[in-house]
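> Sending over target.cif (mmCIF, C-alpha atoms).
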```cif
data_my_file
#
loop_
_atom_site.label_atom_id
_atom_site.label_comp_id
_atom_site.auth_asym_id
_atom_site.auth_seq_id
_atom_site.Cartn_x
_atom_site.Cartn_y
_atom_site.Cartn_z
CA GLU A 1 55.78 70.31 130.57
CA LYS A 2 57.82 73.24 129.30
CA ILE A 3 61.06 71.25 129.74
CA SER A 4 59.64 68.24 127.86
CA ARG A 5 58.59 70.52 124.98
CA ILE A 6 62.12 71.97 124.80
CA MET A 7 63.66 68.48 124.90
CA TYR A 8 61.33 67.36 122.11
CA LYS A 9 62.30 70.34 119.93
CA LEU A 10 65.99 69.70 120.64
CA ALA A 11 65.64 66.02 119.68
CA VAL A 12 63.87 66.92 116.42
CA ALA A 13 66.51 69.52 115.54
CA LEU A 14 69.38 67.10 116.22
CA SER A 15 67.80 64.37 114.13
CA LEU A 16 67.29 66.76 111.21
CA VAL A 17 70.91 67.90 111.35
CA ALA A 18 72.16 64.32 111.55
CA SER A 19 70.08 63.18 108.58
CA VAL A 20 71.17 66.10 106.37
CA ALA A 21 74.87 65.47 107.03
CA GLY A 22 74.73 62.37 104.85
CA PHE A 23 73.86 64.50 101.82
CA ALA A 24 76.54 67.13 102.34
CA PRO A 25 79.06 67.38 99.48
CA GLN A 26 82.65 66.31 99.99
CA PRO A 27 85.13 69.14 100.47
CA PHE A 28 86.88 70.17 97.25
CA GLY A 29 90.06 68.23 96.61
CA ALA A 30 89.32 65.52 99.14
CA ARG A 31 90.46 62.08 98.09
CA THR A 32 89.05 58.79 99.09
CA THR A 33 91.16 55.71 99.08
CA THR A 34 90.04 52.44 97.64
CA ALA A 35 91.39 49.06 98.55
CA ILE A 36 90.93 45.64 97.10
CA SER A 37 88.24 43.95 99.09
CA ALA A 38 89.35 41.14 101.35
CA SER A 39 86.36 39.22 100.08
CA ALA A 40 87.37 39.49 96.42
CA PRO A 41 86.97 36.14 94.69
CA VAL A 42 89.86 33.77 94.21
CA TYR A 43 89.46 31.26 91.42
CA GLY A 44 91.12 27.91 90.85
CA LYS A 45 93.60 26.41 88.43
CA TYR A 46 91.06 25.74 85.67
CA ASP A 47 89.13 29.01 85.84
CA GLU A 48 88.36 30.21 82.31
CA LYS A 49 89.81 26.95 80.96
CA LEU A 50 88.24 23.76 79.69
CA TRP A 51 86.60 21.96 82.65
CA ASP A 52 86.49 18.43 81.28
CA ASN A 53 87.08 15.03 82.88
CA GLU A 54 90.87 15.31 82.49
CA ALA A 55 90.89 18.64 84.35
CA LYS A 56 88.68 17.17 87.09
CA LYS A 57 91.00 14.17 87.46
CA ASP A 58 93.98 16.54 87.77
CA ILE A 59 92.26 18.46 90.58
CA TYR A 60 91.13 15.21 92.23
CA ASN A 61 94.68 13.83 92.19
CA SER A 62 96.00 16.94 93.97
CA TRP A 63 93.08 17.03 96.45
CA ASP A 64 94.05 16.40 100.08
CA PRO A 65 90.92 15.56 102.10
CA SER A 66 92.73 16.21 105.38
CA GLN A 67 93.33 19.88 104.46
CA PRO A 68 90.59 22.55 104.55
CA ARG A 69 88.50 22.90 101.42
CA SER A 70 89.55 25.78 99.15
CA VAL A 71 89.56 26.75 95.47
CA PHE A 72 92.79 24.78 95.12
CA ASN A 73 91.81 21.85 97.35
CA PHE A 74 88.42 20.31 96.62
CA ASN A 75 86.89 17.13 95.25
CA PRO A 76 85.56 18.03 91.78
CA PHE A 77 83.40 14.89 91.76
CA GLU A 78 81.63 15.70 95.03
CA THR A 79 78.03 16.82 94.59
CA PHE A 80 76.14 19.16 96.89
CA GLU A 81 72.34 19.23 96.75
CA GLY A 82 72.53 17.47 93.37
CA ASN A 83 74.97 19.96 91.83
CA SER A 84 78.59 19.60 90.77
CA PRO A 85 81.14 22.32 91.57
CA ASP A 86 82.63 24.68 89.02
CA ALA A 87 86.35 24.77 88.20
CA SER A 88 87.05 26.56 91.50
CA GLY A 89 84.93 24.38 93.77
CA TYR A 90 81.98 26.78 94.03
CA TYR A 91 78.45 25.40 93.68
CA PRO A 92 75.48 26.95 91.86
CA GLY A 93 73.85 29.50 94.12
CA GLU A 94 77.10 30.49 95.82
CA ILE A 95 78.17 34.07 95.25
CA TRP A 96 81.37 33.37 93.27
CA TYR A 97 80.01 30.48 91.15
CA LYS A 98 80.88 30.68 87.43
CA ASP A 99 79.58 28.40 84.71
CA PRO A 100 82.56 26.29 83.69
CA ILE A 101 83.71 25.88 80.10
CA ARG A 102 82.63 22.38 79.15
CA GLY A 103 83.84 20.35 76.23
CA ASP A 104 81.88 18.14 73.88
CA VAL A 105 81.12 14.67 75.22
CA SER A 106 80.22 11.52 73.34
CA PHE A 107 78.24 8.59 74.66
CA GLN A 108 81.42 6.47 74.80
CA GLN A 109 83.17 9.16 76.87
CA MET A 110 80.24 9.19 79.27
CA MET A 111 80.45 5.42 79.66
CA ASP A 112 84.21 5.64 80.30
CA GLU A 113 83.67 8.40 82.88
CA ARG A 114 80.95 6.33 84.54
CA LYS A 115 83.40 3.44 84.92
CA GLU A 116 86.00 5.80 86.42
CA ALA A 117 83.39 7.19 88.83
CA GLU A 118 82.47 3.68 89.95
CA ASP A 119 86.17 2.92 90.51
CA ARG A 120 86.59 6.14 92.54
CA ALA A 121 83.55 5.32 94.66
CA ALA A 122 84.88 1.81 95.31
CA ASN A 123 88.37 3.12 96.19
CA PRO A 124 88.01 6.55 97.87
CA LYS A 125 91.04 8.57 98.90
CA PRO A 126 92.16 7.91 102.48
CA GLY A 127 90.47 10.37 104.82
CA SER A 128 87.76 11.39 102.37
CA ALA A 129 84.83 10.50 104.62
CA PRO A 130 81.85 12.88 104.68
CA GLY A 131 82.59 15.71 107.08
CA CYS A 132 86.35 15.69 106.53
CA PRO A 133 88.00 19.15 106.25
CA GLY A 134 88.38 18.88 102.45
CA CYS A 135 84.71 17.97 101.81
CA ARG A 136 81.66 20.15 101.37
CA ASN A 137 79.31 17.53 102.83
#
```
As structure tokens, how would this structure be written, given the file I've shared?


Amino acid sequence: EKISRIMYKLAVALSLVASVAGFAPQPFGARTTTAISASAPVYGKYDEKLWDNEAKKDIYNSWDPSQPRSVFNFNPFETFEGNSPDASGYYPGEIWYKDPIRGDVSFQQMMDERKEAEDRAANPKPGSAPGCPGCRN
């Protein structure tokens, strides 16, 4: 019983010392280094630029579905859970998503874009099946 009481006191003392060490000040003159985080965001070609249909077509034309999806290789017309990607391929709710800069659109432009979308759906890029490396879905 005496040994267990000593062990208990020793455990309490060690835990108090360990918890206080986190609040100890840094030694004077000590420097800490900072590095750019490996998880820092990388944004695509049209980040902070107008993200209109012409920009999307440019990204689509350079998209290679056989290569892994990235901020430089994604299908800008692909939707995920009903959302379209931003200018870097991120979707709403993802940590690096940014609202894209959108231009004004007229009804005629929307009809033209709808026709282009129907043509794209009828003639997909080779290898752009759902589940391919360059797709989100």

> Which residue is closest to A:Thr79? Choose from A:Arg136, A:Glu113, A:Arg5, A:Arg102 and count all atoms listed in the file.

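Result for the nearest residue to A:Thr79: A:Arg136.
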
> Check which residues satisfy the PyMOL selection byres ((chain A and resi 90) around 12) in the file shown, then give them as an MDAnalysis selection string.

chainID A and resid 41:44 47 69:76 78:80 83:89 91:100 136

> Please expand the PyMOL selection byres ((chain A and resi 57-67) around 8) into the concrete residues it hits in this file, giving the result as a list in words.

Asn53, Glu54, Ala55, Lys56, Pro68, Arg69, Phe72, Asn73, Phe74, Asn75, Pro76, Phe77, Lys125, Pro126, Gly127, Ser128, Cys132, Pro133, Gly134 and Cys135 of chain A

> Let me see the file: selected residues, C-alpha atoms, as a tab-separated table (two decimals), keeping the file's coordinate frame.


```tsv
chain	number	residue	atom	x	y	z
A	53	ASN	CA	87.08	15.03	82.88
A	54	GLU	CA	90.87	15.31	82.49
A	55	ALA	CA	90.89	18.64	84.35
A	56	LYS	CA	88.68	17.17	87.09
A	68	PRO	CA	90.59	22.55	104.55
A	69	ARG	CA	88.50	22.90	101.42
A	72	PHE	CA	92.79	24.78	95.12
A	73	ASN	CA	91.81	21.85	97.35
A	74	PHE	CA	88.42	20.31	96.62
A	75	ASN	CA	86.89	17.13	95.25
A	76	PRO	CA	85.56	18.03	91.78
A	77	PHE	CA	83.40	14.89	91.76
A	125	LYS	CA	91.04	8.57	98.90
A	126	PRO	CA	92.16	7.91	102.48
A	127	GLY	CA	90.47	10.37	104.82
A	128	SER	CA	87.76	11.39	102.37
A	132	CYS	CA	86.35	15.69	106.53
A	133	PRO	CA	88.00	19.15	106.25
A	134	GLY	CA	88.38	18.88	102.45
A	135	CYS	CA	84.71	17.97	101.81
```

> Interatomic distance between atom CA of A:Asp104 and atom CA of A:Tyr46?

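Distance between the two atoms: 16.8 Å.
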
> At what distance in Å, to one decimal, does atom CA of A:Lys49 lie from atom CA of A:Val105?

16.1 Å
